Each structure stands twice: as structure tokens, then as C-alpha cells.
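Here is the structure we will look at, set down as C-alpha cells.
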2 protein chains.
Amino acid sequence: MTHRIKIKKKDTIEEIKCNDGDVLLKVLLENNYDINAYCGGEGICGKCKVKLSGKKIKRPKEQEMIFIDQKELKEGYRLSCLYKVDNDLEVNLKEQEEITVMTGGIITELDLDLDLSKETVKLSKATLDNQKDYLQRIYEKTDTKKINYKYLIKIPNLIKNNELTVLKYKEKILDIDTKNKNNNFYGLAVDIGTTTIVIYLLDLKTGEEIDVNSFYNPQKKYGADVISRINYTQNNENGIKEIKEVLIKQLNKGIKKLTKDNGLTNDDIYKVSIVGNTIMLHLLLGIDALSIAKSPYVPVFTEELELNSNEIGLNINQNAIVQILPSISGYVGADIIGDLLTINIDSLKGNNLMIDIGTNGEIVLNKGNEIYSCSAAAGPAFEGANITFGTAGISGAISEFTIEGKEFKYSTINSKEPIGICGSGLLDIIAELYKYGFIESSGKIEDQKKLKPWQKGYLKDYNGQRAIKITNKDSSKEIYLTQQDIREVQLAKGAIAAGIEILLQKTNLKADALDRVFLAGGFGSYINPDKACYIKMIPSILKDKIIQIGNGAGTGAKIYLLNKKAKNRALKIKEKVNYIELSVNKKFQTEYINSMSF
Amino acid sequence: MTHRIKIKKKDTIEEIKCNDGDVLLKVLLENNYDINAYCGGEGICGKCKVKLSGKKIKRPKEQEMIFIDQKELKEGYRLSCLYKVDNDLEVNLKEQEEITVMTGGIITELDLDLDLSKETVKLSKATLDNQKDYLQRIYEKTDTKKINYKYLIKIPNLIKNNELTVLKYKEKILDIDTKNKNNNFYGLAVDIGTTTIVIYLLDLKTGEEIDVNSFYNPQKKYGADVISRINYTQNNENGIKEIKEVLIKQLNKGIKKLTKDNGLTNDDIYKVSIVGNTIMLHLLLGIDALSIAKSPYVPVFTEELELNSNEIGLNINQNAIVQILPSISGYVGADIIGDLLTINIDSLKGNNLMIDIGTNGEIVLNKGNEIYSCSAAAGPAFEGANITFGTAGISGAISEFTIEGKEFKYSTINSKEPIGICGSGLLDIIAELYKYGFIESSGKIEDQKKLKPWQKGYLKDYNGQRAIKITNKDSSKEIYLTQQDIREVQLAKGAIAAGIEILLQKTNLKADALDRVFLAGGFGSYINPDKACYIKMIPSILKDKIIQIGNGAGTGAKIYLLNKKAKNRALKIKEKVNYIELSVNKKFQTEYINSMSF
């Protein structure tokens, strides 16, 4: 038996079909609707809720009541991952919000020095005194030594013209054609985050950044974190292919927008540099990443890769070079190599700490020439997952928070009506609530009786949990911070603090011996460093040494795109950086517990 | 209107159809019947004659009477290139004869030193203390640095096994798989001559030559010489593709036979080295060679090429490396580089001459470090074309000839009834007839009245030309050498002699200063060197310095196949060898005329 499902969006109604008993989430994803499912469809994150209407909407399950309030339940909201379709339905989908992704980076002089060129050459005339073959003439004019067969075969037709346009990479001719009318020569730097993706468009003739496009990683519908996605690849036939293709498709969409917006065609893109965490890079290439998820956490590859655009499936010039930066280990990826290129760790004096806080928290510490790295499983709390009212950095997300007098003051992204709390807002809220005694140093929300009279009113019960109401009465939506949310933040910030401590111990340094602390990544760049120190995510003594570098990974990809020396630099950095596995590190376990409190 | 053509062979009858007015030769070639058409279907070589039967066989044209005698005309023989089908027909085809191709070479120690290997490796165990990625483990075990994307993607499945079989070429992994059951690892050395093709099968594990297969170049149906074939590519849409594909198809057939005969599969072939003249190599790759045919005779490429088996269309292991040896110029090809590798010109003391007589005569002379080359347009006379009773080295070809007492004595290949004259026989006949005064030193057949009585009986008229009857009365077929045939040989031998003279002049050497004369190529290896000197194709003084090296080009391909150092040697030889264009060389013209006489 099949059922019909009407999908209502703001301006459109579409109809799809499914079989009796199909899980609604799966049906929606299969039909390419963009639904969040941070937990991978396990019914434990509550992000996949949709509004249903129709004759026979099923009663909510108990589990759904944890994530959906009474009002919404009455309106027809259900978790799509728990809803097995047994009747015709209408599903109301909200338009996906634009996200605010950290796309800027620190101002680094991007030195243009490519090993790829597109040049017009004029061949010398063949005469009886100069019978040199045509290929040799082209080699000599372009300082090359190799050519693809498919272009060799074109030469007899091309030599009718005197001027040729030659695309060369190192000593190889990638393409050759009659003198081109258009001189366009562009490249892309791509940062594939677990949650968000950023594509930068750069002019390879000048090194100039032309435009940027950022969007959600479409794989998030298979789970918010990398492990959920790997689980999906294991539990679904063709899962690896599916999860790869959805990403490639979205990248191609992003590239199309960038080229179109700038009056270019996809053929004008000749080079791409890609960073991302190790698992994202495996999934991008359709490579099974299970071995990274299981002890002993061994990746299939961490090496720099150079691919052809067709191999990877990117819809750009067919001769474009696609470079994937090297990674350090299964949990310290090419994105971190990008950060380290950006901060010039290979020529940086003194002792330096670099923290990239995204879905995971990767930490690198160098003591002169000695470099250590680790990855602290901070979890996606700071990206909005596992937090009751958590959200990404979309319009209406509470991004700043202070307590002034007896009032909660907050501001939201784009000054829209508050709809949730994003990472930086979450950190502010925790820090302020702790400062004003709403939260004990253990993380426990203070008992009502110990609170001052003005504070008591903020203390609420939310779905059976002790919670603090964040929004004021003017807000159309009531937003709470629950005890569980605080625990999530404690886990996240504790992991990072413990990671830092382990690296300090490894290098026999005290925190005050550090010269600089670089904060990278979306969250790391938006947060208030003072607050991060206040809740002891970062040692307080480092407060004035913090430098926020923005999307260091993306900047690193740009450096790699534009400068041929970056390849060698990256390889050397990769070789130098030692990786410390925290999951089996006893000291880390102890430090982790010690670092939970504020 | 269509007509039906019955094709009768020894044991089979097949039926094909054609349109009214179609040229019979074209119809037969299109249906893949193997017909000689040395002149490319111009009606001037007479080699495409076939025996017709049916109700209405057309009367012979005047032109046909030149090539077909009265008896055969009555039997229904016609030139298929001149015969437009206007009725149903029966065509009687003889089975194609096996040719005797010079496949041996001088005994050179073939030093096995490959940069390609197929090895089984055992990966170290992944542990928490050794989290090195799998690709790195494979790289380290195999001393490699690169991998094809399509094999990278296979690694997660492969690591379930501990042992892997890795195919590597230099520092790149070409293929990787679970430990192979079969250890087969073979290569091919291929010599693509204008007339004949030789494929050698070698064991890449031991360097041993396992088998050899030789056959006609199937392109001969488009013309005996390279220029006719280039004309075909120009005058026929898709001619380049067609002429390429017919060759590739035949190569694949030859490879299949070799592998099958030796209990192998095509997948066991991992490397191929190819030599051939420059035009053959262009046509092999489907590259328009017109620019070599026209002044200033510039080839599209002379560089060494490395291709994938798929690119070229060879049906061997999909990861096999196909190497095409470098050429020197449009008329001194990779086959000559093969010869020069074989004679070790790069370490040879003294002054040396090397002559490769095939369809063209390529000549190389080194005076110590100074090396010059040229190509003398000898024409295909020595390969049986343009000679009235000329034939390739097939069974029944007269291959040796002497005059003893007053008798003509000859022997034929495989001692079969004489059917024609092959190159070595032709040279013997000319030398002996000249020696005994049948021919003047100018090449003219002596007037009847000046001949001795016993000689007069041999002088005949053949199709209006003065001729000498070669066969004795026991022969079932009468075979003649005509005045025109002698002129063809004079042109051929004169070109070679003049070429040698030009190189001697260039290096300021007299012939007696030469230390060695290497004769390569099918013809060069079968001929009697004394006779070659007697008719002054080679200076007489060099008679005792001649070394016949057999198929030096093929031996060179074997050296290239088995030894990685050969690549660099070949490049250095290519760089060192100067090419002298004879077609515009005034001295050559003079020498050519001087060299025609005996």
C-alpha cells in the first residue's frame, strides 16, 4: 500500500509517495528535502520535527514530548524520525534559513606563485632547416615535458593556427587549444566543515578574492556529527556513495552560484584546494571511514591528494587540478593544516597554542620546533546540537548575552525575534549565569532558596528539568537553558580545557609560558574570549594573548591554492606535528573530570 | 540496386552484399577480407587481383592487361580496384600466406632492470600506538608516493586482508588488490613496420622471451607505402580513425594469440614497448601525419610517449604501461632508435654505419661522438611491391638465386613451388644477372645480339617489356624479371648508396675508415652481403665489415621493455643524432644519379 504525502512550503506544494510503514524522515530525505537530523534519525536530538496535517495524525510518542512542547504537539508537530507513515499526509516545511558562517580570516598576505598557468604561445615557423616536431616546439615554448594523449591527438588541427593557448601544470600540458577568446582563470578554496561549507572564489591571475559562498553541509541530514554519518554509511547499502554524492551535488550547486553571480562559467575554474576534517575528506571521496571511528582510529589516507575534476565529480573545467590538503591523523585533519599554514607555524617564534573549535575541538601546541596536536571531542553543543534551544548562527539566534542590573540583555543575529541560542550566545549565557550565581561552579543550577529574590523569577521548570528562562516577556518565543544544556557545555568546554592541559604537560610548559593563543573556526572566532577564559575553557592567564583568526582552515586552503610552496610547507608541517590520542589517555580522563567545573 | 557477392575460400563460402557500382576492392576491404593493395587502389600495382566467376564477368580493361596475363584473364582474374560491381558475382580468394618475418635479433644480453613491479606486501598491524594511515603503510612498504584515485577508494575493503598485491610503476601505485593467486607478469615488445608487425612476448619476472608472433600490417590494404596511407587518411572522412582502428584490432588479435598459445590472459600483460617508423607511430595513435608527408616534413611528435592501455585501445591489463620509443625525425623513427640501442651506439668505439632496410632505408653513421642520420626513399621494391613478380617473404618466394654453369638455380622459402620473388631473391637475381652480363652496368637488359648463345633463351618479352625468365621449365608458374623491375631496384639501391655517401661526406670519412656496418631489418638480415656490395648498394670495401643484426628495432623494443635505463639512453641518442633531409639535398641528387648504375 502506498500513501501520498503533500509537501507544503512557503510558496509551493509538491506531492510524493511512500510505502506503508516508511519512516517519514527517510522518505523526506530520499526526496531531497532538507531536514536536520543531528542524531542520524535516532530520536534523540529532536531537530527533525515537522508540522503534519491530514485526517489521521498519529498521537505523539512519549519520546517526542521531550522535544516538542504541548502547544506544538497540538499544532501537529512530530519528530519525522519516529513517524511511520500509515496514511496520506500533509507536511509543512519551513524554508531553510541562511546561515552566518565565519568566512573571513586574518589578513594574511596571499602570495601568488602558481605552478599552474594558462598562456598564449606563438610557435616558430616550420621550415626545411627547422624540422623540429610540433610537440617539441610547444614543449620548448611552454617549458613542459609531458602532454595528455587526448591533446596530443589535437595538435595537427591546432597548428593551422599560429597562436595556441596552453594550460600547463608543472611540466605537463593539461590542455591545448586555439588561442582563447577569454582569459578567465579562476580557482576555488573550499573548506568542508562537518556543519558548514565555505567556498571562496579567487582570481588566479591576480590572487584576488572575488566572492564567497557558504552553506550547510548537506550530509547533516545523516547526522550532526561525523560518527552518526559513518554509522549511516555502514547501515545503508550504497550509504557511502549516497553521502558522497549529496555533498558533491551541493558543492556543484555552490560553485554554480559563485560562477553565475560573477559572470563566469564552470569552465573558468582551473584549480581547487580543499580542506576539511579527515572524515569529511574520506566521505567527500566516497572512501569508507569506518576505520577512523573504531579503535585504533586509523584513517585510510592522510596524504595530500591530487585529483582530476572528473574523478571527484566536480563540475568545473575538465582539466582542473583538485588538491586535497594533507591531514595529520584521523581526528586532526587538513583543516588544521590549513590553520597552521595561516598562522605560519613553520616560522612562528616562541610557544604557541592554536585551537580550532568547530564540531570537534582540535588543539595544537608548539614549543619552538616541537609540535603536538590532539582532538578533544567537544561535541556539537557549540553548533547548536544537543542544546534544547540550540541553533546554528542563523537570523534570530541569540549570539550575545549579558546581565545588566537585574535584567537579562541579549542580542540576536540580524536583530530578528529570538528563535534559539547559537554557540557564542551559549557561552555568554553560561558565563554570565555563573558570574551572577545562577549556576554553581559544579554546573548545577542553584536551588531556588539560595537565589536572590530578583533571580528567582528566572528559574523555571522545562519539560521536567530545572531551567533558566533566557528570553524576556517581550519575546514571542520562550527560550530556556536547561540543566542538561549546561552539562553539555561543561562536557564541551571541559574537553577543550583538558586537551590544552595535556599538551602543556607534554611540552613541560605552564600556561603563562605561551606567547600566543590562536582561536580559529566559526565558533572560535565569534566568541568573546574573556567569557571563554571566565568559564575556564581557556586558562584565564592567556586572556590577553588570544588572537581570533577567523576561518583559518579556509585561509589555509587559499594559501594552498595560490602558492606552490604551500604544498611543501604543508607536508613538512604534517611530518612535524605529533598526534596524541586522547581517547585512551589516562591523564586526559583525569583532567577532563577536573576541567568540567567552572 | 544491390548485388550479392559469394566469397569462396578454400573451405568456406560466405555471402556479402554491395550496391550497384561499388568498387569491388572497397567492398572486400570493408568486409574485412585481406586483399593486398600496395598502391592504395589506384590500379598501378596489380596486387589486388582476384579470380571472379559468375554469369557476366566484365571484359578486362587495358590497364588490367599490364598486370594480368592472358591465361589468367581468361580464368576470370581481374583487378578488384578497377572492377565496379554491376551484377551478382563469385570471388575466389586464396588463403593469406603466412609470412616469414625476421623476428630474431643479434644476441644481446637483455639486462632485466624494471621500474615496474608487482609485489605482495604484508601491512603492519594498526594499533593505538601506531595509528599511521593505511595508505602510508602501503607507501612505505612499496616505496611509493602516489596512487590512482580508483584504487585509493578500494583500500578500506582490502585492509581486511593482511597481504596485498601491489602493482607499482616508479613511485606510483597503479593497482592494488588482495593477494593475487596468479603471479603472471608479462610484457610485449612490438615492432610496427610499414609492411610487417612483430610482437614479442617476454616474462617480466625473468626477462626471458617466451614467444613471438608476426603478421602483415593490416594497413597495407590502404597502400604499401606510408604516403599512400596518409593519402587515404586525407581523402576519406574518418580515414585516420579507420586506419588506426584496423591496426589496433590486428594488434589485439596478435596479442590474443600470443597469450592464448602460452596459457595466459590479456590481463597478464603489464607493459608494452613499441617501435615503428614515425608515420606508423602517428597512425597507431590516430594522429594525422599529413605534415610529415608535405614539405617541410615536420612530424607532430617524436618524443617518447607513455600511455595507458585504454587510451591506445590495447586489450591488455587496464593498468599496463604502454611506452612508445622516441623518434629522431619524420623519416628516422623509433625503429631506428631501437636499432641504435641494440648496437649500443652510445658506447660503441670507432666509426660505424647502420643501415635498416625495410620499406625505407634509414642510415646512421657515427664518427665517434658525432652521429648523423638520413632516410633514403628506397621504396618498397625489396618488399615485393612495384616488382612484377614481387612478393613478401612467403612460402614459394624465390629467396636465393645463382647462375651455375649455364643454369639458373634458385631456392624458395619452404621449398614450395615458386610463386614470386622476395627481396633477398631479387638482390641475388640482379647481382647474378649483372655478373653474367645479362644486364649492363647502366641497368639495361643487354640486346639479344650481344648475349652469348646460352643466354639468349632467357631473354623474353613480358607484356611488351624486355624481360628475363627466371624460372626453369619444371616450374608450374613462369616468373620474369622485367626491365622496369631492374629500374625499381636501381632506384632503391641507388638511394641507399647515395645516402651512405652523403653521410660519409658529412663526417669527412672515406668508406674504408668505417669499423663496422650493421645491417638491420627484415631485408637487411636476409640478404647476401656480398651481393649487396657487388651491385654497389654498399661500398665494396666494406664487404667484410658487415654485421647482420636481424630485427634490431624489435631487439631495441625488448631492451626498452626490460630495462629502465633504456629510456634515458634512448633520449640521449635522440638528442645526439643529427638528421639530414635528403629530399632537398643537392649533393644527394647528384650522388643518387651516380649511384644508380651497378
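So you can find residues: chains in the C-alpha cells are A, B, ... in the order shown, residues in each start at 1, and ligands are numbered from 1 in order.
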
Report as a Markdown table: every residue of chain A with an atom at most 10 Å from chain B, its closest pair of atoms, and their distance in Å to one decimal, counting only C-alpha atoms, with rows sorted by chain and ascending residue number.
| residue | atom | partner | partner_atom | distance |
| --- | --- | --- | --- | --- |
| A:Ala126 | CA | B:Pro296 | CA | 6.7 |
| A:Thr127 | CA | B:Pro296 | CA | 5.3 |
| A:Leu128 | CA | B:Pro296 | CA | 4.8 |
| A:Asp129 | CA | B:Pro296 | CA | 8.3 |
| A:Asn130 | CA | B:Pro296 | CA | 8.2 |
| A:Gln131 | CA | B:Val298 | CA | 5.1 |
| A:Lys132 | CA | B:Val298 | CA | 6.4 |
| A:Asp133 | CA | B:Pro299 | CA | 4.8 |
| A:Tyr134 | CA | B:Val300 | CA | 4.9 |
| A:Leu135 | CA | B:Phe301 | CA | 5.2 |
| A:Gln136 | CA | B:Phe301 | CA | 7.0 |
| A:Arg137 | CA | B:Phe301 | CA | 9.5 |
| A:Lys145 | CA | B:Glu303 | CA | 9.1 |
| A:Lys146 | CA | B:Leu305 | CA | 8.2 |
| A:Ile147 | CA | B:Leu305 | CA | 8.6 |
| A:Asn148 | CA | B:Leu307 | CA | 8.5 |
| A:Tyr149 | CA | B:Leu307 | CA | 7.1 |
| A:Lys150 | CA | B:Glu311 | CA | 8.2 |
| A:Leu152 | CA | B:Ile287 | CA | 7.9 |
| A:Ile153 | CA | B:Ile287 | CA | 5.3 |
| A:Lys154 | CA | B:Ile287 | CA | 7.8 |
| A:Ile155 | CA | B:Val300 | CA | 6.9 |
| A:Pro156 | CA | B:Asp288 | CA | 6.0 |
| A:Asn157 | CA | B:Asp288 | CA | 8.4 |
| A:Ile159 | CA | B:Val300 | CA | 9.2 |
| A:His282 | CA | B:Ile153 | CA | 9.0 |
| A:Leu285 | CA | B:Ile153 | CA | 7.6 |
| A:Gly286 | CA | B:Ile153 | CA | 7.0 |
| A:Ile287 | CA | B:Ile153 | CA | 5.2 |
| A:Asp288 | CA | B:Pro156 | CA | 6.0 |
| A:Ala289 | CA | B:Pro156 | CA | 7.8 |
| A:Leu290 | CA | B:Pro156 | CA | 8.3 |
| A:Ser291 | CA | B:Pro156 | CA | 7.8 |
| A:Ile292 | CA | B:Asp133 | CA | 9.3 |
| A:Ser295 | CA | B:Leu128 | CA | 7.2 |
| A:Pro296 | CA | B:Leu128 | CA | 4.7 |
| A:Tyr297 | CA | B:Gln131 | CA | 6.7 |
| A:Val298 | CA | B:Gln131 | CA | 5.1 |
| A:Pro299 | CA | B:Asp133 | CA | 4.8 |
| A:Val300 | CA | B:Tyr134 | CA | 4.9 |
| A:Phe301 | CA | B:Leu135 | CA | 5.2 |
| A:Thr302 | CA | B:Asp133 | CA | 6.4 |
| A:Glu303 | CA | B:Gln136 | CA | 7.5 |
| A:Glu304 | CA | B:Lys146 | CA | 9.4 |
| A:Leu305 | CA | B:Lys146 | CA | 8.2 |
| A:Glu306 | CA | B:Tyr149 | CA | 8.8 |
| A:Leu307 | CA | B:Tyr149 | CA | 7.2 |
| A:Asn308 | CA | B:Tyr149 | CA | 9.1 |
| A:Glu311 | CA | B:Tyr149 | CA | 7.3 |
| A:Ile312 | CA | B:Tyr149 | CA | 8.7 |
| A:Ile328 | CA | B:Lys132 | CA | 9.4 |
| A:Ser329 | CA | B:Asp133 | CA | 7.5 |
| A:Gly330 | CA | B:Asp133 | CA | 8.0 |
| A:Tyr579 | CA | B:Gln131 | CA | 9.2 |
| A:Ile580 | CA | B:Asp129 | CA | 9.6 |
| A:Glu581 | CA | B:Leu128 | CA | 7.7 |
| A:Ser583 | CA | B:Leu128 | CA | 9.7 |
| A:Val584 | CA | B:Leu128 | CA | 8.2 |

Do a neighbour search on Asp20 of chain A at 7 Å with only C-alpha atoms, toss out local chain neighbours closer than 3 positions, and write the hits as a ChimeraX atom specification.
/A:1-3,85-86

Could you check the closest approach to Tyr526 of chain B for each of B:Thr142, B:Asn463, B:Ser399, B:Asn213 and tell me which residue wins, using only C-alpha atoms?
B:Ser399

Could you give me, as number ranges by chain, each residue of segment 530-571 of chain B that DSSP assigns to helix (DSSP H, G or I) when run on this structure's backbone?
B: 530-534, 540-545, 552-562, 565-571

For the residues in that selection, give me C-alpha atoms as a PDB file, in the first residue's frame.
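As a result, again.pdb now contains:
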ATOM      1  CA  ASP B 530      78.416  -9.916 -50.864  1.00  0.00           C
ATOM      2  CA  LYS B 531      75.667  -9.375 -53.404  1.00  0.00           C
ATOM      3  CA  ALA B 532      74.688  -6.068 -51.828  1.00  0.00           C
ATOM      4  CA  CYS B 533      78.279  -4.944 -52.243  1.00  0.00           C
ATOM      5  CA  TYR B 534      78.500  -6.403 -55.732  1.00  0.00           C
ATOM      6  CA  SER B 540      82.523  -2.999 -51.784  1.00  0.00           C
ATOM      7  CA  ILE B 541      85.390  -2.256 -49.455  1.00  0.00           C
ATOM      8  CA  LEU B 542      83.061  -2.839 -46.505  1.00  0.00           C
ATOM      9  CA  LYS B 543      82.183  -6.384 -47.523  1.00  0.00           C
ATOM     10  CA  ASP B 544      83.954  -7.997 -44.573  1.00  0.00           C
ATOM     11  CA  LYS B 545      82.800  -5.478 -42.009  1.00  0.00           C
ATOM     12  CA  GLY B 552      67.369  -4.559 -34.417  1.00  0.00           C
ATOM     13  CA  ALA B 553      64.279  -2.411 -33.979  1.00  0.00           C
ATOM     14  CA  GLY B 554      62.477  -5.273 -32.241  1.00  0.00           C
ATOM     15  CA  THR B 555      65.502  -6.025 -30.093  1.00  0.00           C
ATOM     16  CA  GLY B 556      65.588  -2.356 -29.141  1.00  0.00           C
ATOM     17  CA  ALA B 557      61.950  -2.548 -28.090  1.00  0.00           C
ATOM     18  CA  LYS B 558      62.829  -5.531 -25.890  1.00  0.00           C
ATOM     19  CA  ILE B 559      65.702  -3.640 -24.292  1.00  0.00           C
ATOM     20  CA  TYR B 560      63.331  -0.739 -23.625  1.00  0.00           C
ATOM     21  CA  LEU B 561      60.765  -3.090 -22.170  1.00  0.00           C
ATOM     22  CA  LEU B 562      63.105  -4.762 -19.750  1.00  0.00           C
ATOM     23  CA  LYS B 565      67.911   2.736 -18.156  1.00  0.00           C
ATOM     24  CA  ALA B 566      66.992   2.371 -21.823  1.00  0.00           C
ATOM     25  CA  LYS B 567      64.666   5.350 -21.584  1.00  0.00           C
ATOM     26  CA  ASN B 568      67.444   7.705 -20.736  1.00  0.00           C
ATOM     27  CA  ARG B 569      69.774   6.056 -23.235  1.00  0.00           C
ATOM     28  CA  ALA B 570      67.176   6.495 -25.978  1.00  0.00           C
ATOM     29  CA  LEU B 571      66.636  10.146 -25.110  1.00  0.00           C
TER      30      LEU B 571
END

Go through B:Glu383, B:Asp512, B:Asp268, B:Asp261 and flag the residue nearest Asn315 of chain B, using only C-alpha atoms for the distances.
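So, comparing all the options, the nearest one is B:Asp268.
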
Hey, can you check how far atom CA of Ile527 of chain A sits from atom CA of Thr507 of chain A?
27.3 Å

For Leu353 of chain A, which residue among A:Ser442, A:Asn310, A:Ser373, A:Asn19 is the nearest when counting only C-alpha atoms?
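Among the listed residues, the smallest separation from Leu353 of chain A belongs to A:Ser373.
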
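The residue set within 6 Å of Gly361 of chain B, counting only C-alpha atoms and dropping same-chain residues fewer than 2 places from it, reads Asp356, Ile357, Ser375, Ala376 and Ala378 of chain B.
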
Could you list, as an mmCIF file with C-alpha atoms, in the first residue's frame, every residue within 9 Å of Ile403 of chain B, counting only C-alpha atoms and ignoring same-chain residues fewer than 6 positions away?
data_model
loop_
_atom_site.group_PDB
_atom_site.id
_atom_site.type_symbol
_atom_site.label_atom_id
_atom_site.label_comp_id
_atom_site.auth_asym_id
_atom_site.auth_seq_id
_atom_site.Cartn_x
_atom_site.Cartn_y
_atom_site.Cartn_z
ATOM 1 C CA LYS B 409 69.448 -22.159 -59.781
ATOM 2 C CA TYR B 410 67.083 -20.826 -57.209
ATOM 3 C CA ILE B 429 68.985 -12.205 -59.257
ATOM 4 C CA GLU B 432 73.977 -12.632 -60.765
ATOM 5 C CA LEU B 433 72.422 -11.324 -63.978
ATOM 6 C CA TYR B 436 76.926 -12.801 -66.121
#

Å distance separating atom CA of Val212 of chain B from atom CA of Ile199 of chain B, one decimal place:
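Those two atoms sit 5.6 Å apart.
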
Which residue, B:Lys51, B:Lys9, B:Lys294, B:Arg229, has the smallest gap to Lys71 of chain B when you use only C-alpha atoms?
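Checking each candidate against Lys71 of chain B, we get B:Lys51 as the closest.
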
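Of the residues under consideration (B:Asn414, B:Gln490, B:Thr165, B:Asn578), B:Gln490 shows the shortest atom-to-atom contact distance to Ile593 of chain B when counting only C-alpha atoms.
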
9 Å contact set for Asn161 of chain A, only C-alpha atoms, chain neighbours under 3 positions out, as a list in words
Asn157, Leu158, Leu164, Thr178 and Lys179 of chain A

Expected file contents, prior selection, N, CA and C atoms, as a PDB file, in the first residue's frame:
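Here's the written file again.pdb:
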ATOM      1  N   ASN A 157      45.417  19.588 -35.925  1.00  0.00           N
ATOM      2  CA  ASN A 157      44.406  20.593 -36.261  1.00  0.00           C
ATOM      3  C   ASN A 157      44.766  21.970 -35.736  1.00  0.00           C
ATOM      4  N   LEU A 158      45.460  21.986 -34.603  1.00  0.00           N
ATOM      5  CA  LEU A 158      45.745  23.264 -33.958  1.00  0.00           C
ATOM      6  C   LEU A 158      46.838  24.049 -34.670  1.00  0.00           C
ATOM      7  N   LEU A 164      48.575  29.477 -29.861  1.00  0.00           N
ATOM      8  CA  LEU A 164      47.846  28.464 -29.108  1.00  0.00           C
ATOM      9  C   LEU A 164      47.728  28.905 -27.656  1.00  0.00           C
ATOM     10  N   THR A 178      43.197  26.381 -29.659  1.00  0.00           N
ATOM     11  CA  THR A 178      43.449  27.606 -30.401  1.00  0.00           C
ATOM     12  C   THR A 178      43.344  28.767 -29.424  1.00  0.00           C
ATOM     13  N   LYS A 179      43.985  29.845 -29.767  1.00  0.00           N
ATOM     14  CA  LYS A 179      44.043  30.997 -28.864  1.00  0.00           C
ATOM     15  C   LYS A 179      42.644  31.308 -28.330  1.00  0.00           C
TER      16      LYS A 179
END

Tell me which of B:Gly522, B:Ile138, B:Asn344, B:Tyr222 sits closest to Gln234 of chain B, counting only C-alpha atoms.
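Among the listed residues, the smallest separation from Gln234 of chain B belongs to B:Tyr222.
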
Give me the residues near Asn252 of chain A as a count of residues only, where near means some atom within 8 Å (using only C-alpha atoms) and where sequence neighbours in that chain fewer than 3 positions away do not count.
6
